[in-house]
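upload-v4.cif (mmCIF, C-alpha atoms) appears below.
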```
data_model
#
loop_
_atom_site.label_atom_id
_atom_site.label_comp_id
_atom_site.auth_asym_id
_atom_site.auth_seq_id
_atom_site.Cartn_x
_atom_site.Cartn_y
_atom_site.Cartn_z
CA MET A 1 112.38 96.17 115.71
CA ARG A 2 110.10 93.76 113.84
CA ILE A 3 107.65 96.60 113.15
CA LYS A 4 110.42 98.64 111.55
CA GLY A 5 111.42 95.61 109.48
CA LEU A 6 107.83 95.12 108.34
CA LEU A 7 107.54 98.77 107.32
CA PHE A 8 110.82 98.45 105.42
CA ILE A 9 109.42 95.49 103.47
CA ILE A 10 106.25 97.41 102.59
CA VAL A 11 108.30 100.39 101.40
CA THR A 12 110.38 98.13 99.14
CA PHE A 13 107.14 96.68 97.69
CA PHE A 14 106.03 100.16 96.70
CA PHE A 15 109.48 100.99 95.37
CA GLN A 16 109.56 97.78 93.32
CA LEU A 17 106.12 98.49 91.94
CA THR A 18 107.15 102.03 91.03
CA LEU A 19 110.34 100.87 89.32
CA LEU A 20 108.80 98.25 87.10
CA GLY A 21 105.14 97.62 87.89
CA SER A 22 103.66 99.92 85.27
CA ASN A 23 106.24 98.95 82.64
CA GLY A 24 106.40 95.21 83.13
CA THR A 25 105.69 92.73 80.36
CA THR A 26 103.82 90.43 82.74
CA ALA A 27 101.53 90.99 85.72
CA PHE A 28 104.14 89.71 88.19
CA PRO A 29 107.60 90.69 86.89
CA PHE A 30 109.31 89.74 90.16
CA LEU A 31 108.42 86.11 89.40
CA ASP A 32 110.18 86.41 86.04
CA GLY A 33 113.25 87.77 87.79
CA VAL A 34 116.35 88.90 85.93
CA PRO A 35 116.90 87.81 82.30
CA ILE A 36 120.15 86.18 81.27
CA SER A 37 120.41 88.27 78.10
CA THR A 38 119.89 91.95 78.88
CA SER A 39 121.91 95.15 78.86
CA ASN A 40 120.01 96.52 81.86
CA ASP A 41 121.30 94.06 84.44
CA TYR A 42 121.84 96.29 87.45
CA PHE A 43 118.46 98.02 87.26
CA LEU A 44 116.63 94.68 86.97
CA ILE A 45 118.66 93.14 89.78
CA LEU A 46 117.83 96.17 91.92
CA TYR A 47 114.05 95.97 91.45
CA TRP A 48 114.04 92.19 91.94
CA TYR A 49 116.37 92.22 94.93
CA LEU A 50 114.99 95.07 97.06
CA PRO A 51 112.15 93.23 98.86
CA ILE A 52 114.34 90.14 99.26
CA MET A 53 117.04 92.25 100.91
CA ALA A 54 114.38 93.70 103.24
CA MET A 55 113.24 90.18 104.12
CA ALA A 56 116.83 89.16 104.90
CA PHE A 57 117.02 92.05 107.38
CA PHE A 58 113.61 91.15 108.84
CA ILE A 59 114.56 87.59 109.80
CA THR A 60 118.05 88.49 111.04
CA GLY A 61 118.46 87.06 114.52
CA TYR A 62 115.42 84.80 114.17
CA PHE A 63 117.39 82.03 115.87
CA ARG A 64 119.94 83.87 118.00
CA VAL A 65 117.80 86.70 119.33
CA ALA A 66 114.85 84.40 120.03
CA LEU A 67 117.16 81.93 121.75
CA HIS A 68 118.60 84.53 124.11
CA SER A 69 115.19 85.90 125.02
CA HIS A 70 112.27 83.54 125.57
CA GLY A 71 113.96 80.55 123.91
CA MET A 72 116.44 79.91 126.70
CA LEU A 73 113.67 80.05 129.29
CA ASN A 74 111.63 77.47 127.37
CA LEU A 75 114.59 75.14 126.92
CA THR A 76 115.54 75.24 130.60
CA ARG A 77 112.02 74.00 131.32
CA ASN A 78 112.72 70.77 129.40
CA TYR A 79 111.20 72.11 126.18
CA SER A 80 112.41 69.89 123.31
CA ARG A 81 115.27 71.42 121.30
CA PHE A 82 114.01 69.66 118.21
CA LYS A 83 110.53 71.07 118.71
CA TRP A 84 111.88 74.58 119.35
CA ILE A 85 114.03 74.80 116.24
CA LEU A 86 111.42 73.11 114.05
CA THR A 87 108.88 75.68 115.26
CA ARG A 88 111.26 78.47 114.22
CA PHE A 89 111.53 77.02 110.71
CA LEU A 90 107.76 76.65 110.47
CA ASN A 91 107.38 80.27 111.53
CA VAL A 92 109.77 81.35 108.77
CA MET A 93 107.81 79.28 106.24
CA PHE A 94 104.62 81.06 107.29
CA VAL A 95 106.25 84.51 107.26
CA LEU A 96 107.59 83.87 103.76
CA PHE A 97 104.15 82.72 102.64
CA LEU A 98 102.74 86.05 103.82
CA PHE A 99 105.63 87.89 102.17
CA VAL A 100 105.05 86.28 98.75
CA SER A 101 101.26 86.63 99.06
CA ALA A 102 101.58 90.35 99.87
CA GLN A 103 103.96 90.86 96.95
CA ILE A 104 101.50 89.17 94.60
CA LEU A 105 98.65 91.27 95.99
CA PHE A 106 100.58 94.50 95.38
CA PHE A 107 101.27 93.65 91.74
CA TYR A 108 97.84 92.15 91.13
CA THR A 109 96.20 95.37 92.29
CA ASN A 110 98.43 97.31 89.91
CA SER A 111 97.73 94.97 86.97
CA VAL A 112 93.97 95.11 87.46
CA MET A 113 93.98 98.91 87.64
CA PHE A 114 96.45 99.74 84.89
CA GLN A 115 97.33 96.74 82.74
CA PRO A 116 95.27 94.62 80.31
CA TYR A 117 96.36 91.21 81.65
CA TYR A 118 94.04 88.25 81.35
CA GLN A 119 94.03 84.75 82.79
CA ILE A 120 96.65 85.70 85.35
CA PHE A 121 96.03 82.83 87.76
CA ASN A 122 96.79 79.65 85.84
CA LYS A 123 99.10 76.66 86.01
CA MET A 124 102.15 78.65 84.92
CA PHE A 125 101.52 81.25 87.60
CA ILE A 126 101.31 78.54 90.27
CA LEU A 127 104.57 76.95 89.14
CA LEU A 128 106.33 80.32 89.05
CA THR A 129 105.08 81.17 92.53
CA VAL A 130 106.04 77.80 94.01
CA MET A 131 109.58 78.01 92.61
CA TYR A 132 109.95 81.62 93.78
CA TYR A 133 108.71 80.73 97.27
CA LEU A 134 110.92 77.65 97.59
CA SER A 135 114.03 79.45 96.39
CA LEU A 136 113.46 82.14 99.03
CA LEU A 137 112.73 79.54 101.68
CA ILE A 138 115.97 77.64 101.09
CA THR A 139 117.99 80.88 100.88
CA PHE A 140 116.66 82.21 104.17
CA SER A 141 116.75 78.81 105.87
CA PHE A 142 120.43 78.78 105.01
CA GLN A 143 120.74 82.21 106.64
CA LEU A 144 119.16 80.82 109.81
CA LEU A 145 121.48 77.83 109.72
CA LEU A 146 124.46 80.18 109.52
CA GLU A 147 123.23 81.91 112.68
CA LEU A 148 124.02 78.72 114.59
CA PHE A 149 127.68 79.13 113.60
CA ILE A 150 128.27 82.89 113.24
CA GLU A 151 126.77 86.21 114.33
CA PRO A 152 123.30 87.03 112.85
CA GLN A 153 124.52 90.20 111.11
CA LEU A 154 127.35 88.30 109.44
CA ALA A 155 124.93 85.54 108.41
CA GLN A 156 122.64 88.14 106.87
CA LEU A 157 125.52 89.81 105.02
CA THR A 158 126.74 86.45 103.71
CA THR A 159 123.25 85.61 102.46
CA ASN A 160 122.86 88.92 100.64
CA ILE A 161 126.26 88.59 98.98
CA TYR A 162 125.38 85.04 97.91
CA ILE A 163 122.10 86.20 96.34
CA ILE A 164 123.71 88.95 94.24
CA PHE A 165 126.73 86.78 93.41
CA SER A 166 124.46 83.95 92.22
CA ILE A 167 122.44 86.16 89.87
CA ILE A 168 125.50 87.79 88.30
CA LEU A 169 127.64 84.65 88.11
CA ALA A 170 124.86 82.64 86.44
CA LYS A 171 124.84 85.05 83.51
CA GLN A 172 128.60 84.85 83.08
CA LEU A 173 128.51 81.06 83.17
CA TYR A 174 125.74 81.09 80.55
CA ILE A 175 127.73 83.44 78.28
CA ILE A 176 130.87 81.29 78.34
CA GLY A 177 128.87 78.09 77.88
CA ALA A 178 129.78 76.52 81.23
CA PRO A 179 128.15 73.20 82.16
CA ASN A 180 124.60 73.69 83.43
CA PHE A 181 125.12 71.69 86.61
CA ILE A 182 127.16 74.58 88.07
CA SER A 183 124.07 76.80 87.92
CA TYR A 184 122.24 74.40 90.24
CA LEU A 185 124.56 75.56 93.02
CA LEU A 186 123.17 79.09 92.67
CA ILE A 187 119.82 78.79 94.46
CA PRO A 188 118.38 82.31 93.82
CA ASN A 189 118.22 81.47 90.09
CA TYR A 190 115.65 78.75 90.80
CA GLY A 191 113.03 81.40 91.49
CA ASN A 192 113.63 83.36 88.28
CA GLY A 193 111.09 82.56 85.58
CA PHE A 194 113.49 83.78 82.89
CA ARG A 195 116.06 81.26 84.08
CA ASN A 196 113.93 78.22 84.91
CA GLY A 197 111.88 78.29 81.69
CA LEU A 198 108.56 79.26 83.26
CA SER A 199 108.39 82.88 82.10
CA TYR A 200 105.78 83.94 79.55
CA VAL A 201 108.35 86.23 77.90
CA ALA A 202 110.27 83.76 75.75
CA ASP A 203 112.48 86.44 74.14
CA HIS A 204 114.44 86.99 77.38
CA GLN A 205 114.72 83.40 78.53
CA GLY A 206 118.06 81.73 79.07
CA VAL A 207 117.07 78.47 80.72
CA ILE A 208 119.78 77.27 83.09
CA ILE A 209 117.54 75.53 85.65
CA HIS A 210 114.98 72.89 84.78
CA TYR A 211 112.15 73.65 87.17
CA THR A 212 111.11 70.03 87.76
CA VAL A 213 114.65 69.06 88.72
CA GLY A 214 115.00 72.29 90.68
CA PHE A 215 111.84 71.59 92.65
CA PHE A 216 113.14 68.28 94.01
CA ILE A 217 116.56 69.77 94.71
CA LEU A 218 114.99 72.57 96.75
CA ILE A 219 112.82 70.18 98.77
CA THR A 220 115.86 67.97 99.45
CA LEU A 221 117.95 70.97 100.48
CA GLN A 222 115.27 72.19 102.87
CA ILE A 223 115.14 68.82 104.59
CA CYS A 224 118.95 68.74 104.82
CA ILE A 225 119.15 72.28 106.22
CA ILE A 226 116.59 71.48 108.91
CA GLY A 227 118.41 68.24 109.73
CA VAL A 228 121.81 69.93 110.04
CA SER A 229 120.27 72.74 112.11
CA VAL A 230 118.72 70.26 114.54
CA LEU A 231 121.99 68.34 114.93
CA LYS A 232 123.97 71.54 115.48
CA PHE A 233 121.44 72.96 117.92
CA LYS A 234 121.40 69.79 120.01
CA LYS A 235 125.17 70.08 120.47
CA MET A 236 125.17 73.79 121.32
CA ASP A 237 125.85 74.92 124.88
CA ILE A 238 123.09 77.47 125.41
CA LEU A 239 123.37 77.98 129.16
#
```

Can you present the structure in this file as structure tokens?
Amino acid sequence: MRIKGLLFIIVTFFFQLTLLGSNGTTAFPFLDGVPISTSNDYFLILYWYLPIMAMAFFITGYFRVALHSHGMLNLTRNYSRFKWILTRFLNVMFVLFLFVSAQILFFYTNSVMFQPYYQIFNKMFILLTVMYYLSLLITFSFQLLLELFIEPQLAQLTTNIYIIFSIILAKQLYIIGAPNFISYLLIPNYGNGFRNGLSYVADHQGVIIHYTVGFFILITLQICIIGVSVLKFKKMDIL
């Protein structure tokens, strides 16, 4: 099952690269995300969202399925619940690191072969990558937290709806001039360079998230999600 999920992710990388890679205005357009002001919303959301959707499918059941296989055996042998669930989160962090690294490698290969980009790896690139990674980490950590309360498939569906809803709603809030603090509830926007002010393409920016504030919010949220997950898991009857 995991092999099929991995192949699905790779296919979406190629599809994303085909959709925008050769026409992008930067070397890594997925880091820029979806502009606030554009008439091509659904196409841009599609190219940006595809690999993320594949990743959501890949980690589905990362708590529940693991718990009902080898996890239950480990826990009945006095394996620490805290250690078990923390290990699962660390595994997800590592998997997401590989995911983002592979995505960067795909687009970097394309930019070197076909595009005249220079000085790609600089401070701005690092900030963009960190915000993109953290926004994905919190989003998928929330999906894992939901698995402790509801079925994995429903948790995955809820996460995917939240991602799309956040991207679309943020634009509408920006258009009507809603207070910026509302946008900070929409985590997927944190990883969009067009929306956090880190994109090189200033013409399409509509800054609704200040990346320095967003960074500390994401770190705080990750700590809270892990804390709530540990408390919930300790109270669960797993036998």

Please provide as a VMD selection string all residues within 9 Å of A:Asn160, with the sequence filter that same-chain residues fewer than 6 positions apart are discarded (counting all atoms listed in the file).
-> chain A and resid 52 to 53 56

Computed interatomic separation between atom CA of A:Ser183 and atom CA of A:Leu31 (Å) =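 For atom CA of A:Ser183 relative to atom CA of A:Leu31, the distance reads 18.3 Å.
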
May I have the residues within 9 Å of stretch 140-151 of chain A as a PDB file with C-alpha atoms, in the frame of the given file, using only C-alpha atoms and disregarding those fewer than 6 positions away in the same chain?
```
ATOM      1  CA  MET A  55     113.240  90.180 104.120  1.00  0.00           C
ATOM      2  CA  ALA A  56     116.830  89.160 104.900  1.00  0.00           C
ATOM      3  CA  ILE A  59     114.560  87.590 109.800  1.00  0.00           C
ATOM      4  CA  THR A  60     118.050  88.490 111.040  1.00  0.00           C
ATOM      5  CA  GLY A  61     118.460  87.060 114.520  1.00  0.00           C
ATOM      6  CA  TYR A  62     115.420  84.800 114.170  1.00  0.00           C
ATOM      7  CA  PHE A  63     117.390  82.030 115.870  1.00  0.00           C
ATOM      8  CA  ARG A  64     119.940  83.870 118.000  1.00  0.00           C
ATOM      9  CA  PHE A  89     111.530  77.020 110.710  1.00  0.00           C
ATOM     10  CA  VAL A  92     109.770  81.350 108.770  1.00  0.00           C
ATOM     11  CA  MET A  93     107.810  79.280 106.240  1.00  0.00           C
ATOM     12  CA  THR A 158     126.740  86.450 103.710  1.00  0.00           C
ATOM     13  CA  THR A 159     123.250  85.610 102.460  1.00  0.00           C
ATOM     14  CA  GLN A 222     115.270  72.190 102.870  1.00  0.00           C
ATOM     15  CA  ILE A 225     119.150  72.280 106.220  1.00  0.00           C
ATOM     16  CA  ILE A 226     116.590  71.480 108.910  1.00  0.00           C
ATOM     17  CA  VAL A 228     121.810  69.930 110.040  1.00  0.00           C
ATOM     18  CA  SER A 229     120.270  72.740 112.110  1.00  0.00           C
ATOM     19  CA  LYS A 232     123.970  71.540 115.480  1.00  0.00           C
ATOM     20  CA  PHE A 233     121.440  72.960 117.920  1.00  0.00           C
ATOM     21  CA  MET A 236     125.170  73.790 121.320  1.00  0.00           C
TER      22      MET A 236
END
```

Selection result of the PyMOL selection byres ((chain A and resi 217) around 12) on this file, as a PDB file with C-alpha atoms, in the coordinates of the input:
```
ATOM      1  CA  MET A 131     109.580  78.010  92.610  1.00  0.00           C
ATOM      2  CA  LEU A 134     110.920  77.650  97.590  1.00  0.00           C
ATOM      3  CA  SER A 135     114.030  79.450  96.390  1.00  0.00           C
ATOM      4  CA  ILE A 138     115.970  77.640 101.090  1.00  0.00           C
ATOM      5  CA  PHE A 181     125.120  71.690  86.610  1.00  0.00           C
ATOM      6  CA  TYR A 184     122.240  74.400  90.240  1.00  0.00           C
ATOM      7  CA  LEU A 185     124.560  75.560  93.020  1.00  0.00           C
ATOM      8  CA  LEU A 186     123.170  79.090  92.670  1.00  0.00           C
ATOM      9  CA  ILE A 187     119.820  78.790  94.460  1.00  0.00           C
ATOM     10  CA  TYR A 190     115.650  78.750  90.800  1.00  0.00           C
ATOM     11  CA  ILE A 209     117.540  75.530  85.650  1.00  0.00           C
ATOM     12  CA  HIS A 210     114.980  72.890  84.780  1.00  0.00           C
ATOM     13  CA  TYR A 211     112.150  73.650  87.170  1.00  0.00           C
ATOM     14  CA  THR A 212     111.110  70.030  87.760  1.00  0.00           C
ATOM     15  CA  VAL A 213     114.650  69.060  88.720  1.00  0.00           C
ATOM     16  CA  GLY A 214     115.000  72.290  90.680  1.00  0.00           C
ATOM     17  CA  PHE A 215     111.840  71.590  92.650  1.00  0.00           C
ATOM     18  CA  PHE A 216     113.140  68.280  94.010  1.00  0.00           C
ATOM     19  CA  LEU A 218     114.990  72.570  96.750  1.00  0.00           C
ATOM     20  CA  ILE A 219     112.820  70.180  98.770  1.00  0.00           C
ATOM     21  CA  THR A 220     115.860  67.970  99.450  1.00  0.00           C
ATOM     22  CA  LEU A 221     117.950  70.970 100.480  1.00  0.00           C
ATOM     23  CA  GLN A 222     115.270  72.190 102.870  1.00  0.00           C
ATOM     24  CA  ILE A 223     115.140  68.820 104.590  1.00  0.00           C
ATOM     25  CA  CYS A 224     118.950  68.740 104.820  1.00  0.00           C
TER      26      CYS A 224
END
```

Point-to-point distance from atom CA of A:Ile126 to atom CA of A:Phe94, Å rounded to tenths |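 So the two atoms, atom CA of A:Ile126 and atom CA of A:Phe94, lie 17.5 Å apart.
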
Picked residues, the PyMOL selection byres ((chain A and resi 82) around 9), expected as a list in words = Tyr79, Ser80, Arg81, Lys83, Trp84, Ile85, Leu86, Thr87, Val230, Leu231, Phe233 and Lys234 of chain A

Using all atoms listed in the file, pick whichever of A:Ser111, A:Pro188, A:Ile161, A:Lys123 has the shortest atom-to-atom distance to A:Thr139.
->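 Among A:Ser111, A:Pro188, A:Ile161, A:Lys123, it is A:Pro188 that comes nearest to A:Thr139.
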
Enumerate, as a PyMOL selection string, the residues matched when the PyMOL selection byres ((chain A and resi 169) around 12) is run on the file above.
-> chain A and resi 36+41+161-168+170-176+178+182-189+208

Please write out, as JSON, where the centre of an axis-aligned box around all listed atoms of stretch 139-147 of chain A lies and how long its edges are, in Å to one decimal, after adding 5 Å on each side.
```
{"center_x": 120.6, "center_y": 80.0, "center_z": 106.8, "size_x": 17.8, "size_y": 14.4, "size_z": 21.8}
```

Between atom CA of A:Trp48 and atom CA of A:Thr12 - distance in Å to one decimal | 10.0 Å

Counting only C-alpha atoms, what is within 8 Å of A:Tyr47, bar same-chain residues fewer than 5 positions away, as JSON, numbers by chain?
-> {"A": [15, 16, 19, 20, 30]}

For C-alpha atoms, I'd like the residues from the last selection saved as an mmCIF file, keeping the file's coordinate frame.
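Below you can see selection.cif, which holds the result:
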```
data_model
loop_
_atom_site.group_PDB
_atom_site.id
_atom_site.type_symbol
_atom_site.label_atom_id
_atom_site.label_comp_id
_atom_site.auth_asym_id
_atom_site.auth_seq_id
_atom_site.Cartn_x
_atom_site.Cartn_y
_atom_site.Cartn_z
ATOM 1 C CA PHE A 15 109.480 100.990 95.370
ATOM 2 C CA GLN A 16 109.560 97.780 93.320
ATOM 3 C CA LEU A 19 110.340 100.870 89.320
ATOM 4 C CA LEU A 20 108.800 98.250 87.100
ATOM 5 C CA PHE A 30 109.310 89.740 90.160
#
```
